[in-house]
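Shown here: model14.cif, mmCIF, C-alpha atoms.
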```cif
data_coords
#
loop_
_atom_site.label_atom_id
_atom_site.label_comp_id
_atom_site.auth_asym_id
_atom_site.auth_seq_id
_atom_site.Cartn_x
_atom_site.Cartn_y
_atom_site.Cartn_z
CA MET A 1 -26.34 -5.60 8.23
CA LEU A 2 -24.07 -7.10 10.85
CA THR A 3 -20.99 -5.14 11.84
CA SER A 4 -17.63 -6.81 12.40
CA GLU A 5 -18.29 -6.55 16.15
CA ASP A 6 -21.64 -8.28 15.76
CA GLU A 7 -20.05 -11.03 13.67
CA SER A 8 -17.30 -11.58 16.24
CA TYR A 9 -19.82 -11.75 19.08
CA GLU A 10 -21.90 -14.22 17.11
CA ALA A 11 -18.79 -16.32 16.48
CA VAL A 12 -18.15 -16.51 20.22
CA ARG A 13 -21.74 -17.53 20.84
CA ARG A 14 -21.64 -20.24 18.17
CA LEU A 15 -18.34 -21.65 19.46
CA ALA A 16 -19.78 -21.76 22.98
CA ALA A 17 -22.64 -23.79 21.56
CA GLY A 18 -20.16 -26.31 20.15
CA VAL A 19 -20.21 -25.22 16.50
CA ALA A 20 -16.96 -26.08 14.70
CA PRO A 21 -14.68 -23.08 13.99
CA ASP A 22 -15.07 -23.33 10.22
CA GLN A 23 -18.83 -23.04 10.70
CA ALA A 24 -18.74 -20.45 13.47
CA LEU A 25 -16.65 -17.82 11.68
CA ASP A 26 -15.01 -17.00 8.37
CA VAL A 27 -11.73 -18.86 8.84
CA THR A 28 -10.28 -17.34 5.64
CA ASP A 29 -10.52 -13.79 7.01
CA PRO A 30 -7.70 -12.73 9.37
CA GLU A 31 -9.96 -10.13 10.95
CA SER A 32 -12.39 -12.85 12.01
CA TRP A 33 -9.71 -14.53 14.12
CA ILE A 34 -8.49 -11.24 15.53
CA GLY A 35 -12.06 -10.24 16.34
CA LEU A 36 -12.70 -13.59 18.03
CA ASP A 37 -9.62 -13.18 20.21
CA PHE A 38 -10.74 -9.71 21.26
CA TRP A 39 -14.40 -10.52 21.88
CA VAL A 40 -13.78 -13.56 24.05
CA ARG A 41 -11.85 -11.33 26.43
CA GLU A 42 -14.42 -8.57 26.15
CA LEU A 43 -17.23 -10.98 26.91
CA ALA A 44 -15.27 -12.31 29.88
CA ARG A 45 -15.05 -8.76 31.20
CA GLN A 46 -18.73 -8.04 30.62
CA ARG A 47 -20.09 -11.43 31.80
CA PRO A 48 -17.44 -13.18 33.90
CA GLU A 49 -19.90 -15.84 35.07
CA LEU A 50 -19.68 -17.45 31.62
CA PHE A 51 -15.99 -18.09 32.10
CA HIS A 52 -15.85 -19.04 35.75
CA SER A 53 -18.73 -21.49 35.86
CA ASN A 54 -18.99 -24.97 34.46
CA ALA A 55 -21.43 -24.25 31.66
CA SER A 56 -22.44 -21.67 29.09
CA PRO A 57 -26.07 -20.52 28.66
CA SER A 58 -26.39 -23.03 25.83
CA GLY A 59 -25.89 -25.89 28.28
CA ARG A 60 -22.61 -27.01 26.69
CA ARG A 61 -19.86 -27.49 29.25
CA LEU A 62 -16.93 -25.10 28.96
CA SER A 63 -14.89 -27.61 30.82
CA TRP A 64 -11.71 -25.84 31.80
CA ASP A 65 -11.34 -25.94 35.56
CA PRO A 66 -8.84 -23.29 36.74
CA ASP A 67 -7.47 -23.58 40.25
CA ALA A 68 -5.68 -20.50 41.52
CA SER A 69 -3.33 -22.64 43.60
CA LEU A 70 -2.05 -24.63 40.61
CA PRO A 71 0.14 -23.41 37.73
CA THR A 72 -1.63 -25.55 35.11
CA VAL A 73 -5.14 -26.30 33.96
CA THR A 74 -6.49 -29.71 32.98
CA TRP A 75 -9.58 -30.92 31.13
CA PRO A 76 -11.50 -34.00 32.25
CA HIS A 77 -11.82 -35.05 28.59
CA ARG A 78 -10.22 -34.32 25.23
CA PRO A 79 -11.60 -30.88 24.29
CA GLY A 80 -13.08 -30.26 20.88
CA ASP A 81 -12.00 -27.55 18.44
CA ALA A 82 -14.79 -25.16 19.44
CA GLU A 83 -13.96 -25.44 23.13
CA LEU A 84 -10.24 -25.06 22.47
CA ALA A 85 -10.81 -22.00 20.29
CA LEU A 86 -12.47 -20.22 23.21
CA ALA A 87 -9.81 -21.43 25.63
CA LEU A 88 -7.02 -20.12 23.37
CA CYS A 89 -8.57 -16.66 23.69
CA HIS A 90 -9.39 -16.90 27.40
CA PRO A 91 -8.33 -13.95 29.59
CA ASP A 92 -6.56 -16.33 31.99
CA GLY A 93 -3.07 -17.01 30.67
CA ARG A 94 -2.91 -20.42 32.36
CA ILE A 95 -5.94 -21.54 30.36
CA ARG A 96 -4.45 -20.22 27.12
CA GLU A 97 -1.20 -22.06 27.83
CA ALA A 98 -2.99 -25.30 28.72
CA ALA A 99 -5.11 -25.06 25.59
CA LEU A 100 -1.98 -24.81 23.43
CA ASP A 101 -0.97 -28.30 24.56
CA HIS A 102 -4.04 -29.67 22.78
CA THR A 103 -3.50 -27.87 19.45
CA GLU A 104 -0.94 -30.24 17.92
CA GLU A 105 -2.42 -31.80 14.81
CA ARG A 106 -5.31 -29.33 15.03
CA PRO A 107 -4.80 -27.29 11.83
CA ALA A 108 -8.22 -25.70 12.30
CA LEU A 109 -6.81 -23.76 15.26
CA LEU A 110 -3.43 -22.78 13.83
CA ALA A 111 -4.60 -19.17 13.35
CA LEU A 112 -5.01 -18.81 17.10
CA VAL A 113 -1.56 -20.31 17.68
CA VAL A 114 -0.21 -17.57 15.41
CA ILE A 115 -1.99 -14.94 17.51
CA ARG A 116 -0.69 -16.46 20.73
CA CYS A 117 2.89 -16.08 19.41
CA ALA A 118 2.43 -12.37 20.21
CA ASP A 119 0.76 -13.04 23.58
CA TRP A 120 1.50 -10.64 26.44
CA ALA A 121 2.13 -13.60 28.80
CA GLY A 122 5.63 -14.97 28.33
CA PRO A 123 4.88 -18.69 28.98
CA VAL A 124 1.96 -18.60 26.54
CA ARG A 125 4.02 -16.80 23.94
CA GLU A 126 6.97 -19.20 24.19
CA ARG A 127 4.78 -22.33 24.02
CA ALA A 128 2.97 -20.99 20.95
CA ARG A 129 6.27 -20.22 19.26
CA VAL A 130 7.56 -23.75 19.82
CA LEU A 131 4.38 -25.14 18.28
CA LEU A 132 4.50 -22.80 15.30
CA SER A 133 8.15 -23.64 14.65
CA GLU A 134 7.12 -27.27 14.13
CA THR A 135 4.36 -26.39 11.66
CA PRO A 136 4.79 -27.38 7.97
CA LEU A 137 5.23 -24.52 5.50
CA HIS A 138 1.98 -25.12 3.65
CA ARG A 139 0.04 -24.60 6.87
CA LEU A 140 2.02 -21.49 7.77
CA ALA A 141 1.42 -20.06 4.32
CA ALA A 142 -2.32 -20.62 4.63
CA HIS A 143 -2.32 -18.01 7.41
CA ALA A 144 0.15 -15.60 5.82
CA ALA A 145 -2.26 -12.66 5.89
CA LEU A 146 -2.98 -13.13 9.59
CA THR A 147 0.73 -13.63 10.34
CA LEU A 148 1.63 -10.35 8.68
CA ARG A 149 -1.07 -8.50 10.60
CA ILE A 150 0.10 -9.96 13.89
CA GLY A 151 3.64 -9.06 12.86
CA ARG A 152 2.77 -5.40 13.36
CA ARG A 153 2.16 -5.99 17.08
CA PRO A 154 4.93 -5.23 19.62
CA ARG A 155 5.72 -8.94 20.14
CA GLY A 156 4.51 -10.14 16.76
CA GLY A 157 7.72 -10.39 14.80
CA PHE A 158 8.42 -14.07 15.51
CA ALA A 159 5.66 -15.56 13.36
CA GLN A 160 6.36 -13.14 10.52
CA GLU A 161 10.08 -13.94 10.55
CA LEU A 162 9.32 -17.66 10.68
CA LEU A 163 7.02 -17.40 7.66
CA THR A 164 9.46 -15.24 5.70
CA GLY A 165 12.38 -17.56 6.40
CA ALA A 166 10.35 -20.62 5.43
CA LEU A 167 9.29 -19.05 2.13
CA ARG A 168 12.89 -18.11 1.35
CA THR A 169 14.15 -21.65 1.82
CA GLY A 170 11.08 -23.76 1.12
CA PRO A 171 9.64 -25.07 -2.15
CA ALA A 172 9.29 -22.44 -4.85
CA ALA A 173 5.74 -23.57 -5.52
CA GLN A 174 4.65 -22.40 -2.08
CA THR A 175 5.90 -18.87 -2.69
CA GLU A 176 4.39 -18.81 -6.18
CA ALA A 177 1.03 -19.88 -4.75
CA LEU A 178 0.91 -16.68 -2.69
CA LEU A 179 1.57 -14.35 -5.62
CA ASP A 180 -2.14 -14.15 -6.44
CA SER A 181 -3.21 -13.58 -2.85
CA GLY A 182 -6.02 -11.11 -2.41
CA ASP A 183 -4.27 -9.79 0.68
CA ARG A 184 -2.00 -6.90 -0.27
CA ALA A 185 0.70 -7.52 2.33
CA THR A 186 0.86 -11.22 1.46
CA ALA A 187 1.22 -10.55 -2.26
CA ARG A 188 3.96 -8.00 -1.59
CA LEU A 189 5.90 -10.47 0.55
CA ALA A 190 5.49 -13.24 -2.01
CA TYR A 191 6.71 -11.06 -4.87
CA ARG A 192 9.61 -9.76 -2.82
CA ILE A 193 10.78 -13.29 -2.07
CA ALA A 194 10.10 -14.48 -5.62
CA VAL A 195 12.32 -11.68 -6.92
CA GLU A 196 15.04 -12.46 -4.38
CA ARG A 197 14.97 -16.12 -5.37
CA ARG A 198 14.70 -15.32 -9.10
CA LEU A 199 11.66 -17.51 -9.44
CA LEU A 200 9.95 -15.45 -12.16
CA PRO A 201 10.97 -15.06 -15.82
CA THR A 202 11.90 -11.54 -16.87
CA ALA A 203 8.94 -11.31 -19.23
CA GLN A 204 6.53 -12.24 -16.42
CA LEU A 205 8.09 -9.58 -14.19
CA ALA A 206 7.47 -6.98 -16.90
CA GLN A 207 3.87 -8.07 -17.45
CA THR A 208 3.22 -7.99 -13.71
CA ALA A 209 4.74 -4.53 -13.38
CA ALA A 210 2.51 -3.26 -16.17
CA ARG A 211 -0.73 -4.82 -14.98
CA HIS A 212 -0.65 -5.45 -11.23
CA ARG A 213 -3.03 -3.38 -9.12
CA ASP A 214 -0.54 -2.73 -6.28
CA VAL A 215 2.05 0.00 -6.76
CA VAL A 216 4.62 -1.69 -4.50
CA VAL A 217 4.48 -4.86 -6.58
CA GLN A 218 4.65 -2.78 -9.74
CA ASP A 219 7.85 -1.05 -8.62
CA LEU A 220 9.40 -4.27 -7.36
CA CYS A 221 8.77 -6.17 -10.59
CA ALA A 222 9.70 -3.28 -12.86
CA GLU A 223 13.05 -2.81 -11.15
CA ALA A 224 13.72 -6.56 -11.24
CA ALA A 225 12.80 -6.80 -14.93
CA VAL A 226 15.13 -3.96 -15.88
CA ALA A 227 17.93 -5.32 -13.71
CA ALA A 228 17.62 -8.69 -15.47
CA LEU A 229 18.18 -7.15 -18.89
CA GLY A 230 21.69 -7.40 -20.24
CA GLU A 231 23.49 -4.66 -22.13
CA GLY A 232 22.27 -4.50 -25.73
CA ALA A 233 19.37 -6.82 -24.93
CA PHE A 234 17.63 -6.53 -28.29
CA ASP A 235 16.03 -9.97 -28.12
CA GLU A 236 14.25 -9.17 -24.87
CA PHE A 237 13.09 -5.69 -25.87
CA THR A 238 9.63 -6.66 -27.07
CA GLU A 239 8.70 -8.98 -24.21
CA VAL A 240 10.18 -6.84 -21.42
CA VAL A 241 10.54 -3.17 -22.32
CA VAL A 242 7.39 -2.73 -24.42
CA PRO A 243 5.00 -3.76 -21.59
CA LEU A 244 6.78 -1.40 -19.21
CA LEU A 245 6.53 1.51 -21.63
CA GLY A 246 2.83 0.83 -22.13
CA SER A 247 1.95 0.93 -18.44
CA ARG A 248 -0.41 3.55 -17.07
CA GLN A 249 1.79 3.90 -13.99
CA PRO A 250 4.51 6.58 -14.26
CA ARG A 251 7.08 4.70 -12.20
CA VAL A 252 6.70 1.62 -14.40
CA ARG A 253 6.99 3.69 -17.60
CA SER A 254 10.08 5.37 -16.18
CA ALA A 255 11.61 1.93 -15.61
CA GLY A 256 10.85 1.06 -19.23
CA VAL A 257 12.44 4.28 -20.46
CA THR A 258 15.52 3.59 -18.35
CA ALA A 259 15.70 0.10 -19.88
CA LEU A 260 16.07 1.65 -23.33
CA ARG A 261 19.64 2.52 -22.45
CA ARG A 262 20.40 -1.11 -21.57
CA ALA A 263 18.94 -2.15 -24.90
CA GLY A 264 21.09 0.44 -26.69
CA LEU A 265 17.97 2.21 -27.99
CA HIS A 266 18.69 5.69 -26.67
CA ALA A 267 16.84 7.50 -29.46
CA ASP A 268 13.62 5.62 -28.64
CA ALA A 269 13.37 7.67 -25.45
CA GLU A 270 12.58 10.84 -27.43
CA PRO A 271 8.76 10.40 -27.46
CA TYR A 272 8.82 10.26 -23.66
CA LEU A 273 10.36 13.72 -23.36
CA THR A 274 6.79 15.01 -23.27
CA ASP A 275 5.26 12.33 -21.07
CA ARG A 276 2.62 13.60 -18.64
CA SER A 277 4.79 12.40 -15.72
CA ALA A 278 7.80 14.42 -14.56
CA VAL A 279 9.71 11.30 -13.53
CA VAL A 280 9.27 9.74 -16.98
CA ARG A 281 10.42 12.95 -18.67
CA ALA A 282 13.49 13.06 -16.43
CA CYS A 283 14.36 9.46 -17.33
CA ALA A 284 13.93 10.20 -21.03
CA ARG A 285 16.33 13.14 -20.80
CA TRP A 286 18.86 10.98 -18.95
CA VAL A 287 18.70 8.20 -21.56
CA LEU A 288 19.15 10.67 -24.41
CA ARG A 289 22.13 12.27 -22.69
CA GLN A 290 23.63 8.81 -22.15
CA GLY A 291 23.38 8.36 -25.92
CA GLY A 292 25.05 11.70 -26.59
CA THR A 293 21.92 13.74 -27.37
CA ASP A 294 21.13 17.02 -25.64
CA PRO A 295 17.34 17.10 -25.03
CA ALA A 296 17.10 20.92 -24.83
CA PRO A 297 17.24 21.54 -28.63
CA LEU A 298 14.59 18.84 -29.11
CA TYR A 299 12.33 20.61 -26.63
CA ARG A 300 12.91 23.96 -28.35
CA ALA A 301 11.87 22.49 -31.67
CA LEU A 302 8.72 21.02 -30.13
CA CYS A 303 7.85 24.37 -28.51
CA ALA A 304 7.60 25.93 -31.98
CA ASP A 305 4.30 24.04 -32.34
CA PRO A 306 3.42 22.57 -28.93
CA ALA A 307 -0.30 21.95 -29.43
CA ALA A 308 0.19 18.21 -30.06
CA ARG A 309 2.72 17.81 -27.22
CA PRO A 310 1.98 20.47 -24.58
CA ALA A 311 4.43 19.04 -22.05
CA ALA A 312 7.29 20.28 -24.25
CA ALA A 313 7.00 23.60 -22.43
CA VAL A 314 7.45 22.14 -18.98
CA GLY A 315 10.14 19.76 -20.24
CA LEU A 316 12.12 22.68 -21.61
CA GLY A 317 11.83 24.42 -18.27
CA GLU A 318 13.06 21.27 -16.54
CA CYS A 319 16.26 21.45 -18.60
CA ARG A 320 17.07 24.52 -16.44
CA VAL A 321 18.61 26.65 -19.22
CA PRO A 322 17.93 30.28 -18.17
CA GLU A 323 18.03 31.52 -21.76
CA ASP A 324 14.91 29.50 -22.54
CA ALA A 325 12.72 31.53 -20.19
CA ASP A 326 11.48 33.91 -22.88
CA LEU A 327 10.54 31.05 -25.19
CA VAL A 328 8.53 29.37 -22.43
CA ARG A 329 6.99 32.67 -21.32
CA ALA A 330 5.71 33.34 -24.83
CA LEU A 331 3.58 30.21 -24.58
CA LEU A 332 1.49 31.75 -21.78
CA ALA A 333 -0.66 33.26 -24.52
CA HIS A 334 -1.08 30.01 -26.46
CA PRO A 335 -4.72 29.20 -27.34
CA VAL A 336 -4.46 25.60 -26.06
CA PRO A 337 -5.06 25.48 -22.26
CA GLY A 338 -2.71 22.53 -21.79
CA VAL A 339 0.14 24.50 -23.34
CA ARG A 340 -0.53 27.48 -21.06
CA ALA A 341 -0.58 25.24 -17.99
CA CYS A 342 2.66 23.52 -18.98
CA ALA A 343 4.30 26.87 -19.72
CA LEU A 344 3.51 27.99 -16.18
CA ALA A 345 5.00 24.77 -14.81
CA GLY A 346 8.04 25.30 -17.01
CA LEU A 347 8.58 28.82 -15.68
CA ARG A 348 8.38 27.48 -12.13
CA ALA A 349 11.00 24.85 -12.97
CA LEU A 350 13.24 27.57 -14.39
CA GLY A 351 12.68 29.86 -11.41
CA ALA A 352 11.61 32.52 -13.90
CA VAL A 353 8.13 33.41 -12.64
CA ARG A 354 7.15 37.07 -13.07
CA VAL A 355 4.11 37.98 -11.00
CA ASP A 356 2.86 40.66 -13.39
CA ASP A 357 3.06 38.26 -16.35
CA ILE A 358 1.06 35.44 -14.83
CA ARG A 359 -1.36 37.26 -12.53
CA PRO A 360 -3.95 37.75 -15.35
CA LEU A 361 -4.13 33.97 -15.74
CA LEU A 362 -6.02 33.75 -12.44
CA ASP A 363 -8.99 34.71 -14.59
CA ASP A 364 -8.34 31.88 -17.08
CA PRO A 365 -11.33 29.66 -17.95
CA SER A 366 -9.16 26.55 -17.64
CA ALA A 367 -8.98 24.98 -14.18
CA ALA A 368 -5.56 23.46 -14.98
CA VAL A 369 -4.15 26.87 -15.90
CA VAL A 370 -5.53 28.50 -12.76
CA ARG A 371 -4.12 25.72 -10.57
CA GLN A 372 -0.66 26.21 -12.06
CA THR A 373 -0.99 29.98 -11.75
CA THR A 374 -1.92 29.67 -8.08
CA ALA A 375 1.03 27.39 -7.38
CA ALA A 376 3.36 29.83 -9.11
CA LEU A 377 1.98 32.85 -7.22
CA LEU A 378 1.87 31.36 -3.71
CA PRO A 379 5.46 32.42 -2.83
CA TRP A 380 4.53 35.99 -3.85
CA ALA A 381 0.92 36.05 -2.69
CA ASP A 382 1.50 39.39 -0.94
CA ARG A 383 2.08 40.97 -4.35
CA VAL A 384 -1.35 39.99 -5.65
CA PRO A 385 -3.92 42.76 -4.95
CA GLN A 386 -6.50 41.56 -2.46
CA GLU A 387 -9.18 43.46 -4.35
CA LEU A 388 -8.50 41.21 -7.34
CA LEU A 389 -8.72 38.08 -5.21
CA ARG A 390 -11.94 39.18 -3.52
CA GLY A 391 -13.42 39.77 -6.94
CA LEU A 392 -12.65 36.16 -7.82
CA LEU A 393 -14.70 35.06 -4.81
CA ALA A 394 -17.95 36.22 -6.37
CA GLU A 395 -20.61 33.53 -6.59
CA ASP A 396 -20.80 33.80 -10.38
CA ARG A 397 -17.13 32.92 -10.70
CA PRO A 398 -16.09 29.35 -11.62
CA ARG A 399 -15.21 27.17 -8.68
CA HIS A 400 -11.54 26.83 -9.64
CA GLN A 401 -11.13 30.62 -9.56
CA ARG A 402 -12.80 30.88 -6.15
CA VAL A 403 -10.52 28.13 -4.78
CA ALA A 404 -7.46 29.94 -6.13
CA ALA A 405 -8.51 33.16 -4.45
CA VAL A 406 -9.03 31.44 -1.11
CA ARG A 407 -5.60 29.78 -1.27
CA LEU A 408 -3.81 33.03 -2.09
CA LEU A 409 -5.67 35.00 0.58
CA ARG A 410 -4.85 32.40 3.20
CA ALA A 411 -1.21 32.55 2.15
CA VAL A 412 -1.13 36.14 3.43
CA GLY A 413 -3.16 35.38 6.55
CA VAL A 414 -6.57 36.46 5.29
CA HIS A 415 -9.38 33.93 5.75
CA ALA A 416 -12.10 34.49 3.20
#
```

Would you mind giving the structure from this file in C-alpha cells?
Amino acid sequence: MLTSEDESYEAVRRLAAGVAPDQALDVTDPESWIGLDFWVRELARQRPELFHSNASPSGRRLSWDPDASLPTVTWPHRPGDAELALALCHPDGRIREAALDHTEERPALLALVVIRCADWAGPVRERARVLLSETPLHRLAAHAALTLRIGRRPRGGFAQELLTGALRTGPAAQTEALLDSGDRATARLAYRIAVERRLLPTAQLAQTAARHRDVVVQDLCAEAAVAALGEGAFDEFTEVVVPLLGSRQPRVRSAGVTALRRAGLHADAEPYLTDRSAVVRACARWVLRQGGTDPAPLYRALCADPAARPAAAVGLGECRVPEDADLVRALLAHPVPGVRACALAGLRALGAVRVDDIRPLLDDPSAAVVRQTTAALLPWADRVPQELLRGLLAEDRPRHQRVAAVRLLRAVGVHA
C-alpha cells in the first residue's frame, strides 16, 4: 500500500512526465496538493539537477530558465498545466512568482494559488492574493477544505478570510452546497454562515442538531433552533423540540429541555430530571424552577423506589440540600448497581462522603460502583488502609477492583 509520501512523490513524477494534474493526483483531496507542494521542494533538495537543467529524466522539458541576474523568469512557450503545477511549487521564489502569471483562467491550478497565498516570499504571496481576489465564488468554494487548512498557517489567513467573506455575501445556494461537505472544517464553516444568514428553517436546524455526526454542528444548530422559537411556541413544538429531546447527544437534549420553557411546557421537563447526563438534569431542574416547581421533592419521591430511574439519587444530590444526605446514603445498600453508583455520585455532589461508609464498596462486583467509589475516595486516599488496597491487587480480583487499588495507591505516592 502506498503511503501519502509515496503518492506525493508519484504525483511529482507524473507531472514531470506531462500528465495533467487531474490525472497525476487526487485533486479533490487537500492533502494531495499540500503533499505535492512539499515534495517538489524536497525533491529539489535531494536531486537539484532535475530543477536546474533543461529536462527531466522523462525527456520532457521543464522549460523554466532562471537567470540569477534577472528578477523575473520567462518561458519560451506557453506552459501546460503539469509544467505550471511544478513551477508553482518550485523552491525558487522567482519561478513561483512567474508561474502565477500564467494561472489566470487555469482553474485546474487554483489549489496551488491558494497555497501560494501563504507563501514565505512576499512578492509571491502578494501576487497570489491578487489572483485569488479575482476568483469567482464557486471556484473558491470548490477548494474550501484546502483553504481552511492553509488558514492555519502563519500567513494563511488571507484566503480563509476571502472565502468566509464571499460566503457571507454571495449566493445562498453556494453556502448551502457546502453543508454536506465531507470535510469537517468546511461543514462547520458552512453551517456557521448559514445560521448567521438565517438560511435554514428552524425545523431543519433541529433535525440537523439531532442527527449530524459533528458535535460542533450539533451545538450550533441546536442553539439556533431554540433561539428561533418564540415564547409559547406550541405550533413549533413537534417539529423543533421533539427532535432535540430525542437526540443521543446530551448537549442537544439539554437544548431541547431548555426550549420547553419557551414553549411554556415547564412540566414536560420532569422526565429529564433523571437523564443520564448531568447537563440535561441541570437544565430540567432550571426549567421546572422557572415554572414554579421545586425539583427536590420530586427527586425525593423518586428515591423511594429508584430502581426504574437510578439517576434520581444523583439528581437529589445535585440539588445540594444537606438534609437529603441520609436519604441518598441509604441507597448505598440498594440491590440495583446503578442505584448504588448514582448514590455515590449524589453524595459527592452533596459533599457528604464518609470514608467508612463507602470504603466497603471497593469490593463491589459492579465496575460502575467501584469507579464511583474510587472517585469519592481519592481526596481521602490516605485514610484507606494499604493492606486493603494490596488485597484488591490479587490476580483473582476483577480488573475494575485492581484498577481502583492502583489509582488509590498512586494517590498516596505508592506505585503498585

So which residues get picked by the PyMOL selection byres ((chain A and resi 147-152) around 10) here, written as a PyMOL selection string?
chain A and resi 30-31+34+111+114-118+140-146+153-164+183+185-186+189

Go ahead and write the selection's residues with C-alpha atoms as a PDB file, in the coordinates of the input.
```
ATOM      1  CA  PRO A  30      -7.700 -12.730   9.370  1.00  0.00           C
ATOM      2  CA  GLU A  31      -9.960 -10.130  10.950  1.00  0.00           C
ATOM      3  CA  ILE A  34      -8.490 -11.240  15.530  1.00  0.00           C
ATOM      4  CA  ALA A 111      -4.600 -19.170  13.350  1.00  0.00           C
ATOM      5  CA  VAL A 114      -0.210 -17.570  15.410  1.00  0.00           C
ATOM      6  CA  ILE A 115      -1.990 -14.940  17.510  1.00  0.00           C
ATOM      7  CA  ARG A 116      -0.690 -16.460  20.730  1.00  0.00           C
ATOM      8  CA  CYS A 117       2.890 -16.080  19.410  1.00  0.00           C
ATOM      9  CA  ALA A 118       2.430 -12.370  20.210  1.00  0.00           C
ATOM     10  CA  LEU A 140       2.020 -21.490   7.770  1.00  0.00           C
ATOM     11  CA  ALA A 141       1.420 -20.060   4.320  1.00  0.00           C
ATOM     12  CA  ALA A 142      -2.320 -20.620   4.630  1.00  0.00           C
ATOM     13  CA  HIS A 143      -2.320 -18.010   7.410  1.00  0.00           C
ATOM     14  CA  ALA A 144       0.150 -15.600   5.820  1.00  0.00           C
ATOM     15  CA  ALA A 145      -2.260 -12.660   5.890  1.00  0.00           C
ATOM     16  CA  LEU A 146      -2.980 -13.130   9.590  1.00  0.00           C
ATOM     17  CA  ARG A 153       2.160  -5.990  17.080  1.00  0.00           C
ATOM     18  CA  PRO A 154       4.930  -5.230  19.620  1.00  0.00           C
ATOM     19  CA  ARG A 155       5.720  -8.940  20.140  1.00  0.00           C
ATOM     20  CA  GLY A 156       4.510 -10.140  16.760  1.00  0.00           C
ATOM     21  CA  GLY A 157       7.720 -10.390  14.800  1.00  0.00           C
ATOM     22  CA  PHE A 158       8.420 -14.070  15.510  1.00  0.00           C
ATOM     23  CA  ALA A 159       5.660 -15.560  13.360  1.00  0.00           C
ATOM     24  CA  GLN A 160       6.360 -13.140  10.520  1.00  0.00           C
ATOM     25  CA  GLU A 161      10.080 -13.940  10.550  1.00  0.00           C
ATOM     26  CA  LEU A 162       9.320 -17.660  10.680  1.00  0.00           C
ATOM     27  CA  LEU A 163       7.020 -17.400   7.660  1.00  0.00           C
ATOM     28  CA  THR A 164       9.460 -15.240   5.700  1.00  0.00           C
ATOM     29  CA  ASP A 183      -4.270  -9.790   0.680  1.00  0.00           C
ATOM     30  CA  ALA A 185       0.700  -7.520   2.330  1.00  0.00           C
ATOM     31  CA  THR A 186       0.860 -11.220   1.460  1.00  0.00           C
ATOM     32  CA  LEU A 189       5.900 -10.470   0.550  1.00  0.00           C
TER      33      LEU A 189
END
```

Considering all atoms listed in the file, tabulate each residue of range 68-138 of chain A that lies at most 8 Å from range 4-17 of chain A along with its nearest interatomic pair and the corresponding distance in Å to one decimal; arrange the rows by chain and ascending residue number and present them as a tab-separated table.
```
residue	atom	partner	partner_atom	distance
A:Ala82	CA	A:Leu15	CA	5.0
A:Glu83	CA	A:Leu15	CA	6.9
A:Ala85	CA	A:Leu15	CA	7.6
A:Leu86	CA	A:Leu15	CA	7.1
```

Could you tell me, as a PyMOL selection string, exactly which residues end up selected when the PyMOL selection byres ((chain A and resi 92) around 10) is applied to this structure?
chain A and resi 41+44+51+66+87-91+93-97+121

Could you write out as a PyMOL selection string the residues that the PyMOL selection byres ((chain A and resi 370) around 12) matches in the shown file?
chain A and resi 332+337-338+340-342+344-345+358-369+371-377+392+398-405+407-408

Grab the CA of Ala20 in chain A to CA of Val40 in chain A distance for me, in Å with one decimal place.
15.9 Å

Looking at only C-alpha atoms, which of A:Ala210, A:Leu167, A:Val257, A:Leu36 is the one that sits closest to Val279 in chain A?
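Closest residue, counting only C-alpha atoms: A:Val257.
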
Ranking A:Ala222, A:Val287, A:Ala228, A:Val339 by minimum distance to Val242 in chain A and counting only C-alpha atoms, which one comes first?
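Once distances to Val242 in chain A are computed over only C-alpha atoms, the minimum belongs to A:Ala222.
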
A:Ala128, A:Ala282, A:Arg354, A:Ala325 ranked by distance to Ala98 in chain A, top pick (using all atoms listed in the file):
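Selected residue with least distance to Ala98 in chain A: A:Ala128.
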
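Atom pair CA of Glu395 in chain A / CA of Arg410 in chain A has a distance of 18.6 Å (rounded to one decimal).
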
Option closest in space to Ser254 in chain A, from A:Val113, A:Ala209, A:Ile193, A:Leu229 [counting all atoms listed in the file]
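Closest residue, counting all atoms listed in the file: A:Ala209.
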
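Interatomic distance, CA of Leu273 in chain A against CA of Asp219 in chain A: 21.0 Å.
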
So, counting all atoms listed in the file, which residue among A:Val130, A:Ala227, A:Val216, A:Ala267 is closest to Arg289 in chain A?
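That would be A:Ala267, the residue with the smallest distance to Arg289 in chain A.
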
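Minimum distance to Leu316 in chain A across A:Ala349, A:Trp286, A:Arg197, A:Pro171 (counting only C-alpha atoms) occurs at A:Ala349.
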